[in-house]
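Everything below concerns the one structure shown next.
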Amino acid sequence: MRVYNFSAGPSMLPLEVLQEAGKQITDYEGSGMSVMELSHRGKVYEPIHNECISLVRELMNIDDTYDVLLVQGGASTQFEAVPLNLLKKGRADYVVTGNFSKKAYKEACKYGDIRLVASSEDAGYTYIPKVTRKDFRDDIDYVHITENNTIFGTKWHYTPDCGAPLVSDMSSCIMSEVADVNKYALIYAGAQKNLAPAGVTLVIVKKDLLGNEMAICPTMLKYSTQAKDNSLYNTPPCWPIYIMMLNMRYLKKMGGVPAMEKINREKAAMLYDFIDNSSFYTNKVNPEDRSIMNVPFVSPSAELDAKFIKEAEAAGLVSLKGHRLAGGMRASIYNAMPVEGVKALIDFMKKFETENK
């Protein structure tokens, strides 16, 4: 029996995508081989790879001034790849709004003059700092933000005016709502939230930033290396790329990112509305900074939180335990989570509240 999986990642995938992959798992397109067995330089795999990149371009409206890369190592590897590739003058500014942006900041500090512009750690990462042009230094290589904060449930709902190339980690919000790629110099995203299984990482980078890597930048981390070889410098994660391609097809069939944004906003509004009108559950995030992908909440006590998680799992609502840094519960309602899943969660929350007041 399929359950509603509220995991923050790896997250659920559309059933249709899984079923399509299952049909051909041992024999892809009559090749007699699984995609997991295909040569990454062979004629059977090549169309998968190219279609995946093409669909990303189409769905995110990415023009030819950007390269679209499919790399390995997760978003965490990009915490170092970004400064190694972009620090020409040796200076960058970071805004820290959660655990992962803090990690990105710490990694970058190893490679240059990295300044912390603002942080919401003082309030448990429950808000997004309001920054303006005057907060950023002149003559810097880039500014880094983490668009959506998976653990704490916050989201940048404005694009900071920073006067420098803007880099964004969009791992937990990529393709959940329309984003103007042209506002960014570089976007990166681990796949295991909205795109594919873990193993492939999407990088969208302005072509004019390529080729100026630091001398110590490993060849495998150079964006220019991956761009030159169409992300085929070494063996790519072929199976995750294949699932990503199927998922991009599915998203296009569903109406693309605008259609998905409408559904995602509906799901989030339903859940937040219920929490806000409950005297039992609490969401601590500043309302104007709330994520539509990750919704953390708590009950009146840690004991009730533990009971909630256990009983929810028995009811087919799994992976609702909050991150160890935040506690409580967290419902990750990525693209593949249907409206019915959120309704089922709310029904359970109502029942649990009634029985435990």
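Ordered as shown in the structure tokens, chains take letters A, B, and onward, while each chain numbers its residues from 1 and ligands are numbered from 1 in the order shown.
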Excluding same-chain residues fewer than 4 positions from Gly328 of chain A, what lies within 6 Å of it counting only C-alpha atoms, as an MDAnalysis selection string?
-> chainID A and resid 298 305 322
Once you have the residues from the selection above, write them out as an mmCIF file, in the first residue's frame, restricted to N, CA, C and O atoms.
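To be explicit, this is the file written out as out.cif:
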data_model
loop_
_atom_site.group_PDB
_atom_site.id
_atom_site.type_symbol
_atom_site.label_atom_id
_atom_site.label_comp_id
_atom_site.auth_asym_id
_atom_site.auth_seq_id
_atom_site.Cartn_x
_atom_site.Cartn_y
_atom_site.Cartn_z
ATOM 1 N N VAL A 298 4.351 22.256 15.921
ATOM 2 C CA VAL A 298 4.475 21.531 17.188
ATOM 3 C C VAL A 298 3.109 21.434 17.848
ATOM 4 O O VAL A 298 2.210 22.239 17.585
ATOM 5 N N ASP A 305 4.084 15.357 20.703
ATOM 6 C CA ASP A 305 4.729 15.316 19.386
ATOM 7 C C ASP A 305 5.104 13.879 19.026
ATOM 8 O O ASP A 305 4.840 13.402 17.912
ATOM 9 N N GLY A 322 10.061 16.086 12.853
ATOM 10 C CA GLY A 322 10.863 17.257 12.527
ATOM 11 C C GLY A 322 12.348 16.971 12.614
ATOM 12 O O GLY A 322 12.775 15.995 13.235
#
Residues of segment 18-47 of chain A that have any atom at most 12 Å from an atom of segment 51-70 of chain A: could you tabulate them with the shortest-distance atom pair and the distance in Å to one decimal, using only C-alpha atoms, ordered by chain and increasing number, as JSON lines?
{"residue": "A:Tyr45", "atom": "CA", "partner": "A:Glu51", "partner_atom": "CA", "distance": 10.2}
{"residue": "A:Glu46", "atom": "CA", "partner": "A:Glu51", "partner_atom": "CA", "distance": 8.5}
{"residue": "A:Pro47", "atom": "CA", "partner": "A:Glu51", "partner_atom": "CA", "distance": 5.8}
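Of note, atom CA of Ser176 of chain A and atom CA of Ala259 of chain A are spaced 9.4 Å apart.
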Please tabulate, as JSON lines, the residues of segment 170-255 of chain A that come within 7 Å of segment 148-151 of chain A, each with its closest pair of atoms and the distance in Å to one decimal, counting only C-alpha atoms and ordering rows by chain, then residue number upward.
{"residue": "A:Met170", "atom": "CA", "partner": "A:Asn148", "partner_atom": "CA", "distance": 6.4}
{"residue": "A:Ser172", "atom": "CA", "partner": "A:Asn148", "partner_atom": "CA", "distance": 6.0}
{"residue": "A:Cys173", "atom": "CA", "partner": "A:Asn148", "partner_atom": "CA", "distance": 6.0}
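Taking segment 157-257 of chain A and asking which residues DSSP calls strand (DSSP E) on the backbone, you get Leu166, Val167, Ser168, Asp169, Leu186, Ile187, Tyr188, Ala189, Gly190, Thr201, Leu202, Val203, Ile204, Val205 and Lys206 of chain A.
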Interatomic distance, atom CA of Lys134 of chain A to atom CA of Val96 of chain A (Å, one decimal) | 17.2 Å
Hey, could you make a per-residue contact list for segment 85-119 of chain A against segment 210-218 of chain A with 9 Å as the cut-off, showing the nearest pair of atoms and its distance in Å to one decimal, counting only C-alpha atoms, sorted by chain and number, as a tab-separated table?
residue	atom	partner	partner_atom	distance
A:Asn85	CA	A:Glu213	CA	4.2
A:Leu86	CA	A:Glu213	CA	6.4
A:Leu87	CA	A:Met214	CA	7.0
A:Lys88	CA	A:Asn212	CA	6.7
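The environment of Ala164 of chain A within 7 Å, counting only C-alpha atoms and disregarding residues fewer than 3 places along the same chain, consists of Ile140, Asp141, Tyr142 and Val143 of chain A.
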Contacts of Gly74 of chain A within 7 Å, only C-alpha atoms, excl. fewer than 2 positions in-chain, as JSON, numbers by chain = {"A": [72, 76, 77, 190, 199, 200, 201]}
Distance in Å - atom CA of Asn194 of chain A versus atom CA of Tyr334 of chain A =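 Between these atoms lies a distance of 6.1 Å.
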Using DSSP on the backbone coordinates, identify all residues within segment 74-189 of chain A classified as alpha helix (DSSP H); present the result as a short mmCIF file (atom, residue, chain, number, x, y, z; two decimals) with N, CA and C atoms, in the first residue's frame.
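Contents of out.cif, as written:
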data_model
loop_
_atom_site.label_atom_id
_atom_site.label_comp_id
_atom_site.auth_asym_id
_atom_site.auth_seq_id
_atom_site.Cartn_x
_atom_site.Cartn_y
_atom_site.Cartn_z
N GLY A 74 25.57 16.26 -4.62
CA GLY A 74 24.55 16.95 -3.85
C GLY A 74 24.82 18.43 -3.71
N ALA A 75 23.85 19.15 -3.14
CA ALA A 75 24.03 20.58 -2.93
C ALA A 75 25.20 20.87 -2.01
N SER A 76 25.50 19.94 -1.09
CA SER A 76 26.59 20.18 -0.14
C SER A 76 27.94 20.34 -0.83
N THR A 77 28.16 19.64 -1.93
CA THR A 77 29.39 19.81 -2.69
C THR A 77 29.45 21.19 -3.33
N GLN A 78 28.27 21.73 -3.68
CA GLN A 78 28.22 23.06 -4.27
C GLN A 78 28.59 24.15 -3.27
N PHE A 79 28.50 23.85 -1.98
CA PHE A 79 28.93 24.83 -0.97
C PHE A 79 30.39 25.22 -1.20
N GLU A 80 31.18 24.26 -1.71
CA GLU A 80 32.58 24.56 -2.01
C GLU A 80 32.80 24.87 -3.48
N ALA A 81 32.04 24.22 -4.36
CA ALA A 81 32.20 24.47 -5.79
C ALA A 81 31.93 25.93 -6.14
N VAL A 82 30.95 26.54 -5.48
CA VAL A 82 30.60 27.93 -5.78
C VAL A 82 31.79 28.87 -5.53
N PRO A 83 32.37 28.92 -4.33
CA PRO A 83 33.53 29.81 -4.16
C PRO A 83 34.73 29.42 -5.01
N LEU A 84 34.96 28.14 -5.19
CA LEU A 84 36.11 27.71 -6.00
C LEU A 84 35.98 28.16 -7.45
N ASN A 85 34.77 28.27 -7.94
CA ASN A 85 34.54 28.69 -9.32
C ASN A 85 34.36 30.19 -9.49
N LEU A 86 33.83 30.87 -8.47
CA LEU A 86 33.41 32.26 -8.66
C LEU A 86 34.27 33.31 -7.98
N ASN A 99 20.28 26.04 8.58
CA ASN A 99 21.41 25.16 8.80
C ASN A 99 22.27 25.00 7.54
N PHE A 100 21.63 24.84 6.39
CA PHE A 100 22.39 24.60 5.16
C PHE A 100 23.08 25.86 4.66
N SER A 101 22.44 27.01 4.81
CA SER A 101 23.12 28.24 4.39
C SER A 101 24.29 28.56 5.33
N LYS A 102 24.17 28.14 6.59
CA LYS A 102 25.29 28.32 7.52
C LYS A 102 26.46 27.43 7.11
N LYS A 103 26.16 26.20 6.70
CA LYS A 103 27.21 25.31 6.22
C LYS A 103 27.87 25.87 4.96
N ALA A 104 27.05 26.40 4.06
CA ALA A 104 27.60 26.99 2.83
C ALA A 104 28.55 28.13 3.16
N TYR A 105 28.16 28.97 4.11
CA TYR A 105 28.99 30.10 4.54
C TYR A 105 30.31 29.61 5.12
N LYS A 106 30.25 28.61 5.99
CA LYS A 106 31.47 28.10 6.63
C LYS A 106 32.43 27.49 5.61
N GLU A 107 31.89 26.77 4.63
CA GLU A 107 32.76 26.18 3.60
C GLU A 107 33.42 27.27 2.77
N ALA A 108 32.66 28.30 2.41
CA ALA A 108 33.21 29.38 1.59
C ALA A 108 34.32 30.13 2.31
#
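Nearest residue to Ser319 of chain A among A:Leu195, A:Ile114, A:Leu345, A:Val167 is A:Leu345, counting only C-alpha atoms.
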Nearest to Leu166 of chain A: which of A:Lys222, A:Asp347, A:Asp93, A:Tyr111 is it, counting only C-alpha atoms?
-> A:Asp93
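The neighbours of segment 32-36 of chain A here are the residues that come within 7 Å of it, using only C-alpha atoms and leaving out any residue fewer than 6 positions away in the same chain; they are Ile25, Thr26, Cys238 and Trp239 of chain A.
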Between A:Cys162, A:Ile204, A:Ile292, A:Val44, which one has atoms that come closest to Lys262 of chain A, using only C-alpha atoms?
->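 Comparing A:Cys162, A:Ile204, A:Ile292, A:Val44 against Lys262 of chain A, the winner is A:Ile292.
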Which is closest to Met329 of chain A among A:Leu15, A:Ala118, A:Ala191, A:Ala8, if we use only C-alpha atoms?
->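 Smallest separation from Met329 of chain A among the options: A:Ala8.
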Minimum-distance residue to Ser119 of chain A, chosen among A:Tyr188, A:Phe152, A:Phe136, A:Tyr94 (using only C-alpha atoms) = A:Tyr94
Exercise: Lys193 of chain A partners within 9 Å, only C-alpha atoms, chain neighbours under 4 positions left out, as an MDAnalysis selection string | chainID A and resid 7:13 171:174 189 197:198 332 334:335
Grab the residues selected above and save them as a PDB file, in the first residue's frame with C-alpha atoms.
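What follows is the written file result16.pdb:
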ATOM      1  CA  SER A   7       9.816  13.313   4.074  1.00  0.00           C
ATOM      2  CA  ALA A   8      12.016  16.369   3.567  1.00  0.00           C
ATOM      3  CA  GLY A   9      14.198  14.312   1.242  1.00  0.00           C
ATOM      4  CA  PRO A  10      14.546  11.912  -0.323  1.00  0.00           C
ATOM      5  CA  SER A  11      10.929  12.735  -0.983  1.00  0.00           C
ATOM      6  CA  MET A  12       8.057  11.079  -2.756  1.00  0.00           C
ATOM      7  CA  LEU A  13       7.893  10.940  -6.547  1.00  0.00           C
ATOM      8  CA  SER A 171      17.327  22.543  -3.427  1.00  0.00           C
ATOM      9  CA  SER A 172      13.984  22.402  -1.630  1.00  0.00           C
ATOM     10  CA  CYS A 173      11.942  24.748  -3.817  1.00  0.00           C
ATOM     11  CA  ILE A 174      13.207  24.199  -7.369  1.00  0.00           C
ATOM     12  CA  ALA A 189      19.645  22.242  -6.382  1.00  0.00           C
ATOM     13  CA  PRO A 197      16.192  10.482  -6.516  1.00  0.00           C
ATOM     14  CA  ALA A 198      19.358  11.572  -4.738  1.00  0.00           C
ATOM     15  CA  SER A 332       7.211  18.519   3.423  1.00  0.00           C
ATOM     16  CA  TYR A 334       6.739  18.994  -2.463  1.00  0.00           C
ATOM     17  CA  ASN A 335       5.413  18.839  -6.017  1.00  0.00           C
TER      18      ASN A 335
END
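Among the candidate residues A:Asn5, A:Ala344, A:Arg133, A:Ala196, the one lying nearest to Met244 of chain A is A:Ala196, with distances computed using only C-alpha atoms.
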Compile the contact shell of Thr126 of chain A as an MDAnalysis selection string: residues with an atom at most 7 Å away, counting only C-alpha atoms, same-chain residues fewer than 6 positions apart removed.
-> chainID A and resid 120 152 154 284:286
